[in-house]
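Structure record follows, encoded as structure tokens.
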Amino acid sequence: MDPLIFSFFLIFASAAVLATLALYTRQPLIVAYILVGVILGPSGSELVDDPALISSIAKIGIIFLLFLLGLDMQPAKLANMLRKALLVGIASSAIFYAIGHIIGYIAGYPWQECVVIGIAMMFSSTIIGIKLLPTTVLHHRHTGELVISLLLIQDIIAIVVLLVITGGFLEFNGAAKIIRVLVSLPLIILFSYVFVRYVLLKLLERFDVFHEYIFLVAIGWCLALAVISELAGLSLEVGAFVAGVSIATSPIAFYIAENLKPLRDFFLVLFFFSLGASFHVDLLLDVAIPALFLGGIILISKPVVFRYLLHGVSETVPVGWEIGFRLGQISEFSLLIAFIATSEALISQNASHLIQATAIITFLVSSYIVVFRYPTPIGTSEKLRRD
């Protein structure tokens, strides 16, 4: 049998069984998906021995999800949100860096490793934050816009940090990358606006009776701009988000968003499976105690910091708390930073495992809190289940 087909069979059959048990016991579905990854992946039965392939497939889900969120955001309103979130994004990153650095120092790590640990604590998970965010509930559009704005600011900071860690920021080629990013983003935005206005919307208006054509064009536009964005030195996710925003003002945007939801749900399962499959349980046990302490501090401090910073820019207290809990974990960028810092001999394996373990703890606990407390697409009750 084809390995990919067999892997998909194992993943979705196992996810269906565990999801059924999760629903009967009123547990978040996300936990079932992660457990499937642990059970089938390298730390478990090893029946799925290529989680990197599944992770790559799951990345497509993030592209479509950001496209869907972009469809629900008016460009002028998004620009206003980015301005509002800039100060909060920078201030919160500085605070979380200080927390990570101090706790690393208390745990006895060298100064250089404390710096990397602090950097890893600065960011929140784009994937978890977005995947647990309703995309069509009217009263959550403002919350979603703020979450996206803060995550975009964090992504920019993370890209700069990665260039510094690899040494590229100080080299000519690294500086050229920064310049290319600063030039390419406005050009991509301009290109998307012109193409959508004078080509894409005219095609959709002419052939709008063919629903499968609208579906095909939407997917093609999303993936095309994602690839163009990556080639220009940005990321696939940025391109997909710009693609969605570029057609957000069109009446067809709602129809496209509704029809892409099944794709989102399919890739949601694959992503959380890949997260579970990437866990190395035997290595993480070595740093369990400091990781529990650091993870606990992060889970407590992030909601509090976001609540007060957002209140300082005139957001309501409930909105501040909700955004804080939705961004109450560390990020996939944290894992990437740990990997690169280890390969560059900037930190030890022990420090890298500390970051990995903290990520796992905050991913799981934060997801539990959000799923049980706020509306999500995978809520455990009818009241909290919102697309």
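Ordered as shown in the structure tokens, chains take letters A, B, and onward, while each chain numbers its residues from 1 and ligands are numbered from 1 in the order shown.
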Checklist line | Contacts of A:Leu309 at 9 Å (only C-alpha atoms; same-chain gap of 2+ positions) as a ChimeraX atom specification | finding: /A:87-88,91-92,304-307,311-313,315,320
Keeping only C-alpha atoms, write those residues as an mmCIF file, in the first residue's frame.
data_model
loop_
_atom_site.group_PDB
_atom_site.id
_atom_site.type_symbol
_atom_site.label_atom_id
_atom_site.label_comp_id
_atom_site.auth_asym_id
_atom_site.auth_seq_id
_atom_site.Cartn_x
_atom_site.Cartn_y
_atom_site.Cartn_z
ATOM 1 C CA LEU A 87 3.177 49.413 20.914
ATOM 2 C CA VAL A 88 1.501 46.437 22.603
ATOM 3 C CA ALA A 91 6.211 46.112 24.864
ATOM 4 C CA SER A 92 4.850 42.606 25.465
ATOM 5 C CA VAL A 304 -2.039 39.476 32.546
ATOM 6 C CA VAL A 305 0.459 41.427 30.415
ATOM 7 C CA PHE A 306 -1.818 41.549 27.354
ATOM 8 C CA ARG A 307 -4.819 42.498 29.485
ATOM 9 C CA HIS A 311 -6.396 48.262 28.327
ATOM 10 C CA GLY A 312 -3.736 50.982 28.052
ATOM 11 C CA VAL A 313 -4.643 51.458 24.363
ATOM 12 C CA GLU A 315 -9.426 48.116 24.723
ATOM 13 C CA GLY A 320 -7.766 42.143 26.833
#
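The space separating atom CA of A:Leu234 from atom CA of A:Val183 comes to 10.5 Å.
Among A:Ala15, A:Leu364, A:Leu354, A:Ala224, the residue with the shortest atom-to-atom distance to A:Ile289, counting only C-alpha atoms, is A:Leu354.
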Using only C-alpha atoms, determine which residues lie at most 8 Å from A:Phe333, disregarding the query and same-chain residues fewer than 6 positions distant; provide the list as a tab-separated table (two decimals) with C-alpha atoms, in the first residue's frame.
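Saved file around_31.tsv follows:
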chain	number	residue	atom	x	y	z
A	120	ALA	CA	11.98	32.04	22.73
A	123	PHE	CA	6.34	34.99	20.74
A	125	SER	CA	1.78	30.55	18.48
A	158	ALA	CA	11.00	36.74	14.95
Notebook entry, point to check: Interatomic distance between atom CA of A:Ile252 and atom CA of A:Phe195?
Noted result: 15.9 Å
From a backbone DSSP assignment, name each residue in stretch 201-304 of chain A labelled helix (DSSP H, G or I), as a PDB file with N, CA and C atoms, in the first residue's frame.
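Done, and the output landed in selection_7.pdb:
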ATOM      1  N   LEU A 201     -11.523  39.989 -10.067  1.00  0.00           N
ATOM      2  CA  LEU A 201     -12.936  40.263  -9.803  1.00  0.00           C
ATOM      3  C   LEU A 201     -13.768  40.271 -11.083  1.00  0.00           C
ATOM      4  N   LYS A 202     -13.178  40.717 -12.173  1.00  0.00           N
ATOM      5  CA  LYS A 202     -13.900  40.713 -13.450  1.00  0.00           C
ATOM      6  C   LYS A 202     -14.180  39.287 -13.910  1.00  0.00           C
ATOM      7  N   LEU A 203     -13.201  38.391 -13.700  1.00  0.00           N
ATOM      8  CA  LEU A 203     -13.405  36.986 -14.057  1.00  0.00           C
ATOM      9  C   LEU A 203     -14.489  36.355 -13.186  1.00  0.00           C
ATOM     10  N   LEU A 204     -14.447  36.639 -11.884  1.00  0.00           N
ATOM     11  CA  LEU A 204     -15.433  36.069 -10.973  1.00  0.00           C
ATOM     12  C   LEU A 204     -16.837  36.585 -11.265  1.00  0.00           C
ATOM     13  N   GLU A 205     -16.945  37.853 -11.628  1.00  0.00           N
ATOM     14  CA  GLU A 205     -18.255  38.421 -11.961  1.00  0.00           C
ATOM     15  C   GLU A 205     -18.826  37.803 -13.235  1.00  0.00           C
ATOM     16  N   ARG A 206     -17.946  37.525 -14.183  1.00  0.00           N
ATOM     17  CA  ARG A 206     -18.416  36.982 -15.462  1.00  0.00           C
ATOM     18  C   ARG A 206     -18.838  35.523 -15.336  1.00  0.00           C
ATOM     19  N   HIS A 211     -19.924  27.598  -9.707  1.00  0.00           N
ATOM     20  CA  HIS A 211     -19.410  27.633  -8.341  1.00  0.00           C
ATOM     21  C   HIS A 211     -18.053  26.964  -8.211  1.00  0.00           C
ATOM     22  N   GLU A 212     -17.860  25.872  -8.950  1.00  0.00           N
ATOM     23  CA  GLU A 212     -16.560  25.203  -8.867  1.00  0.00           C
ATOM     24  C   GLU A 212     -15.443  26.073  -9.426  1.00  0.00           C
ATOM     25  N   TYR A 213     -15.786  26.974 -10.375  1.00  0.00           N
ATOM     26  CA  TYR A 213     -14.784  27.888 -10.929  1.00  0.00           C
ATOM     27  C   TYR A 213     -14.346  28.897  -9.856  1.00  0.00           C
ATOM     28  N   ILE A 214     -15.308  29.417  -9.097  1.00  0.00           N
ATOM     29  CA  ILE A 214     -14.984  30.358  -8.012  1.00  0.00           C
ATOM     30  C   ILE A 214     -14.081  29.680  -6.988  1.00  0.00           C
ATOM     31  N   PHE A 215     -14.403  28.450  -6.631  1.00  0.00           N
ATOM     32  CA  PHE A 215     -13.609  27.673  -5.684  1.00  0.00           C
ATOM     33  C   PHE A 215     -12.181  27.488  -6.205  1.00  0.00           C
ATOM     34  N   LEU A 216     -12.055  27.127  -7.488  1.00  0.00           N
ATOM     35  CA  LEU A 216     -10.747  26.894  -8.097  1.00  0.00           C
ATOM     36  C   LEU A 216      -9.913  28.166  -8.150  1.00  0.00           C
ATOM     37  N   VAL A 217     -10.520  29.268  -8.571  1.00  0.00           N
ATOM     38  CA  VAL A 217      -9.800  30.532  -8.676  1.00  0.00           C
ATOM     39  C   VAL A 217      -9.341  31.008  -7.301  1.00  0.00           C
ATOM     40  N   ALA A 218     -10.186  30.836  -6.295  1.00  0.00           N
ATOM     41  CA  ALA A 218      -9.834  31.270  -4.942  1.00  0.00           C
ATOM     42  C   ALA A 218      -8.606  30.519  -4.426  1.00  0.00           C
ATOM     43  N   ILE A 219      -8.600  29.201  -4.609  1.00  0.00           N
ATOM     44  CA  ILE A 219      -7.459  28.402  -4.157  1.00  0.00           C
ATOM     45  C   ILE A 219      -6.208  28.771  -4.956  1.00  0.00           C
ATOM     46  N   GLY A 220      -6.377  28.925  -6.264  1.00  0.00           N
ATOM     47  CA  GLY A 220      -5.240  29.293  -7.106  1.00  0.00           C
ATOM     48  C   GLY A 220      -4.642  30.637  -6.712  1.00  0.00           C
ATOM     49  N   TRP A 221      -5.506  31.627  -6.443  1.00  0.00           N
ATOM     50  CA  TRP A 221      -5.032  32.957  -6.050  1.00  0.00           C
ATOM     51  C   TRP A 221      -4.309  32.907  -4.700  1.00  0.00           C
ATOM     52  N   CYS A 222      -4.880  32.168  -3.746  1.00  0.00           N
ATOM     53  CA  CYS A 222      -4.267  32.031  -2.423  1.00  0.00           C
ATOM     54  C   CYS A 222      -2.863  31.425  -2.528  1.00  0.00           C
ATOM     55  N   LEU A 223      -2.747  30.294  -3.215  1.00  0.00           N
ATOM     56  CA  LEU A 223      -1.460  29.612  -3.312  1.00  0.00           C
ATOM     57  C   LEU A 223      -0.467  30.388  -4.178  1.00  0.00           C
ATOM     58  N   ALA A 224      -0.955  31.049  -5.239  1.00  0.00           N
ATOM     59  CA  ALA A 224      -0.059  31.810  -6.117  1.00  0.00           C
ATOM     60  C   ALA A 224       0.600  32.952  -5.359  1.00  0.00           C
ATOM     61  N   LEU A 225      -0.194  33.727  -4.611  1.00  0.00           N
ATOM     62  CA  LEU A 225       0.385  34.852  -3.887  1.00  0.00           C
ATOM     63  C   LEU A 225       1.254  34.368  -2.721  1.00  0.00           C
ATOM     64  N   ALA A 226       0.918  33.210  -2.145  1.00  0.00           N
ATOM     65  CA  ALA A 226       1.761  32.644  -1.089  1.00  0.00           C
ATOM     66  C   ALA A 226       3.146  32.293  -1.634  1.00  0.00           C
ATOM     67  N   VAL A 227       3.184  31.659  -2.806  1.00  0.00           N
ATOM     68  CA  VAL A 227       4.463  31.289  -3.417  1.00  0.00           C
ATOM     69  C   VAL A 227       5.246  32.533  -3.828  1.00  0.00           C
ATOM     70  N   ILE A 228       4.566  33.516  -4.423  1.00  0.00           N
ATOM     71  CA  ILE A 228       5.227  34.769  -4.815  1.00  0.00           C
ATOM     72  C   ILE A 228       5.834  35.438  -3.586  1.00  0.00           C
ATOM     73  N   SER A 229       5.097  35.431  -2.491  1.00  0.00           N
ATOM     74  CA  SER A 229       5.577  36.043  -1.254  1.00  0.00           C
ATOM     75  C   SER A 229       6.839  35.356  -0.754  1.00  0.00           C
ATOM     76  N   GLU A 230       6.858  34.029  -0.783  1.00  0.00           N
ATOM     77  CA  GLU A 230       8.044  33.310  -0.312  1.00  0.00           C
ATOM     78  C   GLU A 230       9.241  33.570  -1.223  1.00  0.00           C
ATOM     79  N   LEU A 231       9.013  33.600  -2.520  1.00  0.00           N
ATOM     80  CA  LEU A 231      10.095  33.892  -3.459  1.00  0.00           C
ATOM     81  C   LEU A 231      10.654  35.301  -3.263  1.00  0.00           C
ATOM     82  N   LEU A 236       5.122  32.172   3.190  1.00  0.00           N
ATOM     83  CA  LEU A 236       3.898  31.700   2.546  1.00  0.00           C
ATOM     84  C   LEU A 236       2.667  32.266   3.240  1.00  0.00           C
ATOM     85  N   GLU A 237       2.725  32.326   4.588  1.00  0.00           N
ATOM     86  CA  GLU A 237       1.577  32.786   5.360  1.00  0.00           C
ATOM     87  C   GLU A 237       1.242  34.247   5.079  1.00  0.00           C
ATOM     88  N   VAL A 238       2.271  35.083   4.955  1.00  0.00           N
ATOM     89  CA  VAL A 238       2.046  36.505   4.666  1.00  0.00           C
ATOM     90  C   VAL A 238       1.356  36.665   3.317  1.00  0.00           C
ATOM     91  N   GLY A 239       1.819  35.925   2.310  1.00  0.00           N
ATOM     92  CA  GLY A 239       1.221  35.998   0.985  1.00  0.00           C
ATOM     93  C   GLY A 239      -0.232  35.567   0.992  1.00  0.00           C
ATOM     94  N   ALA A 240      -0.529  34.483   1.718  1.00  0.00           N
ATOM     95  CA  ALA A 240      -1.912  34.004   1.795  1.00  0.00           C
ATOM     96  C   ALA A 240      -2.814  35.025   2.477  1.00  0.00           C
ATOM     97  N   PHE A 241      -2.304  35.652   3.523  1.00  0.00           N
ATOM     98  CA  PHE A 241      -3.089  36.663   4.232  1.00  0.00           C
ATOM     99  C   PHE A 241      -3.366  37.865   3.337  1.00  0.00           C
ATOM    100  N   VAL A 242      -2.355  38.325   2.612  1.00  0.00           N
ATOM    101  CA  VAL A 242      -2.533  39.460   1.685  1.00  0.00           C
ATOM    102  C   VAL A 242      -3.537  39.085   0.599  1.00  0.00           C
ATOM    103  N   ALA A 243      -3.473  37.826   0.126  1.00  0.00           N
ATOM    104  CA  ALA A 243      -4.418  37.369  -0.900  1.00  0.00           C
ATOM    105  C   ALA A 243      -5.853  37.464  -0.399  1.00  0.00           C
ATOM    106  N   GLY A 244      -6.076  37.092   0.859  1.00  0.00           N
ATOM    107  CA  GLY A 244      -7.423  37.180   1.416  1.00  0.00           C
ATOM    108  C   GLY A 244      -7.892  38.610   1.591  1.00  0.00           C
ATOM    109  N   VAL A 245      -7.020  39.459   2.134  1.00  0.00           N
ATOM    110  CA  VAL A 245      -7.376  40.870   2.344  1.00  0.00           C
ATOM    111  C   VAL A 245      -7.687  41.559   1.016  1.00  0.00           C
ATOM    112  N   SER A 246      -6.967  41.163  -0.035  1.00  0.00           N
ATOM    113  CA  SER A 246      -7.110  41.832  -1.329  1.00  0.00           C
ATOM    114  C   SER A 246      -8.500  41.659  -1.936  1.00  0.00           C
ATOM    115  N   ALA A 253     -16.518  37.337  -1.269  1.00  0.00           N
ATOM    116  CA  ALA A 253     -15.597  36.919  -0.205  1.00  0.00           C
ATOM    117  C   ALA A 253     -16.276  35.953   0.772  1.00  0.00           C
ATOM    118  N   PHE A 254     -17.533  36.234   1.141  1.00  0.00           N
ATOM    119  CA  PHE A 254     -18.228  35.383   2.105  1.00  0.00           C
ATOM    120  C   PHE A 254     -18.448  33.982   1.540  1.00  0.00           C
ATOM    121  N   TYR A 255     -18.823  33.896   0.269  1.00  0.00           N
ATOM    122  CA  TYR A 255     -19.051  32.595  -0.368  1.00  0.00           C
ATOM    123  C   TYR A 255     -17.761  31.774  -0.386  1.00  0.00           C
ATOM    124  N   ILE A 256     -16.636  32.416  -0.726  1.00  0.00           N
ATOM    125  CA  ILE A 256     -15.347  31.718  -0.762  1.00  0.00           C
ATOM    126  C   ILE A 256     -14.984  31.205   0.626  1.00  0.00           C
ATOM    127  N   ALA A 257     -15.170  32.056   1.642  1.00  0.00           N
ATOM    128  CA  ALA A 257     -14.822  31.663   3.005  1.00  0.00           C
ATOM    129  C   ALA A 257     -15.621  30.442   3.456  1.00  0.00           C
ATOM    130  N   GLU A 258     -16.903  30.422   3.151  1.00  0.00           N
ATOM    131  CA  GLU A 258     -17.753  29.304   3.563  1.00  0.00           C
ATOM    132  C   GLU A 258     -17.323  28.001   2.899  1.00  0.00           C
ATOM    133  N   ASN A 259     -16.927  28.077   1.637  1.00  0.00           N
ATOM    134  CA  ASN A 259     -16.593  26.862   0.901  1.00  0.00           C
ATOM    135  C   ASN A 259     -15.200  26.329   1.203  1.00  0.00           C
ATOM    136  N   LEU A 260     -14.347  27.148   1.810  1.00  0.00           N
ATOM    137  CA  LEU A 260     -13.004  26.679   2.154  1.00  0.00           C
ATOM    138  C   LEU A 260     -12.923  26.108   3.570  1.00  0.00           C
ATOM    139  N   LYS A 261     -13.990  26.203   4.331  1.00  0.00           N
ATOM    140  CA  LYS A 261     -13.961  25.708   5.707  1.00  0.00           C
ATOM    141  C   LYS A 261     -13.657  24.213   5.822  1.00  0.00           C
ATOM    142  N   PRO A 262     -14.207  23.349   4.952  1.00  0.00           N
ATOM    143  CA  PRO A 262     -13.853  21.925   5.063  1.00  0.00           C
ATOM    144  C   PRO A 262     -12.357  21.675   4.899  1.00  0.00           C
ATOM    145  N   LEU A 263     -11.693  22.447   4.027  1.00  0.00           N
ATOM    146  CA  LEU A 263     -10.243  22.306   3.885  1.00  0.00           C
ATOM    147  C   LEU A 263      -9.542  22.689   5.185  1.00  0.00           C
ATOM    148  N   ARG A 264     -10.030  23.764   5.815  1.00  0.00           N
ATOM    149  CA  ARG A 264      -9.444  24.183   7.085  1.00  0.00           C
ATOM    150  C   ARG A 264      -9.524  23.067   8.118  1.00  0.00           C
ATOM    151  N   ASP A 265     -10.676  22.415   8.235  1.00  0.00           N
ATOM    152  CA  ASP A 265     -10.862  21.368   9.234  1.00  0.00           C
ATOM    153  C   ASP A 265      -9.981  20.155   8.940  1.00  0.00           C
ATOM    154  N   PHE A 266      -9.825  19.822   7.667  1.00  0.00           N
ATOM    155  CA  PHE A 266      -8.973  18.698   7.276  1.00  0.00           C
ATOM    156  C   PHE A 266      -7.530  18.938   7.725  1.00  0.00           C
ATOM    157  N   PHE A 267      -7.018  20.127   7.438  1.00  0.00           N
ATOM    158  CA  PHE A 267      -5.631  20.422   7.779  1.00  0.00           C
ATOM    159  C   PHE A 267      -5.453  20.679   9.274  1.00  0.00           C
ATOM    160  N   LEU A 268      -6.516  21.064   9.966  1.00  0.00           N
ATOM    161  CA  LEU A 268      -6.433  21.236  11.406  1.00  0.00           C
ATOM    162  C   LEU A 268      -6.044  19.912  12.074  1.00  0.00           C
ATOM    163  N   VAL A 269      -6.656  18.831  11.652  1.00  0.00           N
ATOM    164  CA  VAL A 269      -6.323  17.513  12.196  1.00  0.00           C
ATOM    165  C   VAL A 269      -4.865  17.176  11.916  1.00  0.00           C
ATOM    166  N   LEU A 270      -4.416  17.421  10.689  1.00  0.00           N
ATOM    167  CA  LEU A 270      -3.040  17.094  10.319  1.00  0.00           C
ATOM    168  C   LEU A 270      -2.023  17.922  11.093  1.00  0.00           C
ATOM    169  N   PHE A 271      -2.346  19.207  11.310  1.00  0.00           N
ATOM    170  CA  PHE A 271      -1.383  20.027  12.028  1.00  0.00           C
ATOM    171  C   PHE A 271      -1.182  19.531  13.458  1.00  0.00           C
ATOM    172  N   PHE A 272      -2.282  19.323  14.197  1.00  0.00           N
ATOM    173  CA  PHE A 272      -2.129  18.918  15.583  1.00  0.00           C
ATOM    174  C   PHE A 272      -1.562  17.508  15.686  1.00  0.00           C
ATOM    175  N   PHE A 273      -1.808  16.668  14.686  1.00  0.00           N
ATOM    176  CA  PHE A 273      -1.129  15.372  14.650  1.00  0.00           C
ATOM    177  C   PHE A 273       0.381  15.573  14.542  1.00  0.00           C
ATOM    178  N   SER A 274       0.804  16.442  13.615  1.00  0.00           N
ATOM    179  CA  SER A 274       2.242  16.661  13.416  1.00  0.00           C
ATOM    180  C   SER A 274       2.893  17.245  14.663  1.00  0.00           C
ATOM    181  N   LEU A 275       2.135  18.053  15.410  1.00  0.00           N
ATOM    182  CA  LEU A 275       2.646  18.604  16.664  1.00  0.00           C
ATOM    183  C   LEU A 275       2.918  17.481  17.655  1.00  0.00           C
ATOM    184  N   GLY A 276       1.963  16.555  17.789  1.00  0.00           N
ATOM    185  CA  GLY A 276       2.161  15.423  18.694  1.00  0.00           C
ATOM    186  C   GLY A 276       3.271  14.503  18.229  1.00  0.00           C
ATOM    187  N   ALA A 277       3.378  14.300  16.910  1.00  0.00           N
ATOM    188  CA  ALA A 277       4.407  13.410  16.372  1.00  0.00           C
ATOM    189  C   ALA A 277       5.812  13.966  16.559  1.00  0.00           C
ATOM    190  N   VAL A 281       9.468  12.484  23.902  1.00  0.00           N
ATOM    191  CA  VAL A 281       9.142  12.375  25.324  1.00  0.00           C
ATOM    192  C   VAL A 281      10.362  12.031  26.159  1.00  0.00           C
ATOM    193  N   ASP A 282      11.216  11.115  25.676  1.00  0.00           N
ATOM    194  CA  ASP A 282      12.365  10.685  26.469  1.00  0.00           C
ATOM    195  C   ASP A 282      13.341  11.831  26.728  1.00  0.00           C
ATOM    196  N   LEU A 283      13.504  12.730  25.755  1.00  0.00           N
ATOM    197  CA  LEU A 283      14.418  13.859  25.928  1.00  0.00           C
ATOM    198  C   LEU A 283      13.824  14.938  26.831  1.00  0.00           C
ATOM    199  N   LEU A 284      12.516  15.109  26.752  1.00  0.00           N
ATOM    200  CA  LEU A 284      11.864  16.185  27.498  1.00  0.00           C
ATOM    201  C   LEU A 284      11.788  15.905  28.989  1.00  0.00           C
ATOM    202  N   LEU A 285      11.873  14.647  29.381  1.00  0.00           N
ATOM    203  CA  LEU A 285      11.791  14.303  30.804  1.00  0.00           C
ATOM    204  C   LEU A 285      12.969  14.876  31.589  1.00  0.00           C
ATOM    205  N   ASP A 286      14.097  15.103  30.921  1.00  0.00           N
ATOM    206  CA  ASP A 286      15.294  15.612  31.600  1.00  0.00           C
ATOM    207  C   ASP A 286      15.105  17.025  32.137  1.00  0.00           C
ATOM    208  N   VAL A 287      14.218  17.785  31.520  1.00  0.00           N
ATOM    209  CA  VAL A 287      14.043  19.189  31.924  1.00  0.00           C
ATOM    210  C   VAL A 287      12.617  19.441  32.413  1.00  0.00           C
ATOM    211  N   ALA A 288      11.970  18.408  32.917  1.00  0.00           N
ATOM    212  CA  ALA A 288      10.548  18.508  33.264  1.00  0.00           C
ATOM    213  C   ALA A 288      10.279  19.565  34.333  1.00  0.00           C
ATOM    214  N   ILE A 289      11.075  19.592  35.394  1.00  0.00           N
ATOM    215  CA  ILE A 289      10.793  20.506  36.507  1.00  0.00           C
ATOM    216  C   ILE A 289      10.989  21.970  36.117  1.00  0.00           C
ATOM    217  N   PRO A 290      12.169  22.366  35.553  1.00  0.00           N
ATOM    218  CA  PRO A 290      12.290  23.772  35.139  1.00  0.00           C
ATOM    219  C   PRO A 290      11.295  24.156  34.043  1.00  0.00           C
ATOM    220  N   ALA A 291      10.945  23.209  33.176  1.00  0.00           N
ATOM    221  CA  ALA A 291       9.979  23.514  32.115  1.00  0.00           C
ATOM    222  C   ALA A 291       8.588  23.746  32.697  1.00  0.00           C
ATOM    223  N   LEU A 292       8.210  22.967  33.692  1.00  0.00           N
ATOM    224  CA  LEU A 292       6.915  23.170  34.347  1.00  0.00           C
ATOM    225  C   LEU A 292       6.856  24.545  35.012  1.00  0.00           C
ATOM    226  N   PHE A 293       7.962  24.934  35.646  1.00  0.00           N
ATOM    227  CA  PHE A 293       8.007  26.243  36.304  1.00  0.00           C
ATOM    228  C   PHE A 293       7.933  27.366  35.272  1.00  0.00           C
ATOM    229  N   LEU A 294       8.769  27.279  34.234  1.00  0.00           N
ATOM    230  CA  LEU A 294       8.790  28.311  33.202  1.00  0.00           C
ATOM    231  C   LEU A 294       7.458  28.362  32.455  1.00  0.00           C
ATOM    232  N   GLY A 295       6.929  27.197  32.108  1.00  0.00           N
ATOM    233  CA  GLY A 295       5.640  27.154  31.415  1.00  0.00           C
ATOM    234  C   GLY A 295       4.530  27.741  32.264  1.00  0.00           C
ATOM    235  N   GLY A 296       4.537  27.449  33.553  1.00  0.00           N
ATOM    236  CA  GLY A 296       3.521  28.001  34.435  1.00  0.00           C
ATOM    237  C   GLY A 296       3.578  29.517  34.516  1.00  0.00           C
ATOM    238  N   ILE A 297       4.802  30.060  34.612  1.00  0.00           N
ATOM    239  CA  ILE A 297       4.969  31.519  34.658  1.00  0.00           C
ATOM    240  C   ILE A 297       4.469  32.161  33.364  1.00  0.00           C
ATOM    241  N   ILE A 298       4.795  31.546  32.227  1.00  0.00           N
ATOM    242  CA  ILE A 298       4.353  32.085  30.929  1.00  0.00           C
ATOM    243  C   ILE A 298       2.832  32.047  30.819  1.00  0.00           C
ATOM    244  N   LEU A 299       2.232  30.929  31.221  1.00  0.00           N
ATOM    245  CA  LEU A 299       0.777  30.786  31.131  1.00  0.00           C
ATOM    246  C   LEU A 299       0.047  31.794  32.017  1.00  0.00           C
ATOM    247  N   ILE A 300       0.665  32.171  33.125  1.00  0.00           N
ATOM    248  CA  ILE A 300       0.057  33.166  34.017  1.00  0.00           C
ATOM    249  C   ILE A 300       0.323  34.582  33.534  1.00  0.00           C
ATOM    250  N   SER A 301       1.566  34.842  33.117  1.00  0.00           N
ATOM    251  CA  SER A 301       1.974  36.215  32.814  1.00  0.00           C
ATOM    252  C   SER A 301       1.423  36.736  31.487  1.00  0.00           C
ATOM    253  N   LYS A 302       1.317  35.889  30.474  1.00  0.00           N
ATOM    254  CA  LYS A 302       0.893  36.391  29.168  1.00  0.00           C
ATOM    255  C   LYS A 302      -0.521  36.988  29.190  1.00  0.00           C
ATOM    256  N   PRO A 303      -1.517  36.299  29.749  1.00  0.00           N
ATOM    257  CA  PRO A 303      -2.839  36.938  29.812  1.00  0.00           C
ATOM    258  C   PRO A 303      -2.830  38.243  30.606  1.00  0.00           C
ATOM    259  N   VAL A 304      -2.079  38.270  31.708  1.00  0.00           N
ATOM    260  CA  VAL A 304      -2.039  39.476  32.546  1.00  0.00           C
ATOM    261  C   VAL A 304      -1.392  40.636  31.791  1.00  0.00           C
TER     262      VAL A 304
END
Margin query: Residues near A:Ser45, anyone? I mean within 12 Å using only C-alpha atoms, not counting same-chain ones fewer than 6 positions away, as an MDAnalysis selection string.
Written below: chainID A and resid 10 35:39 277
Item checked: atom CA of A:Ser56 to atom CA of A:Gly70, distance in Å rounded to a single decimal -> 21.7 Å
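Counting only C-alpha atoms, the residue from A:Gln349, A:Leu82, A:Phe67, A:Ser334 that sits nearest to A:Gly118 is A:Ser334.
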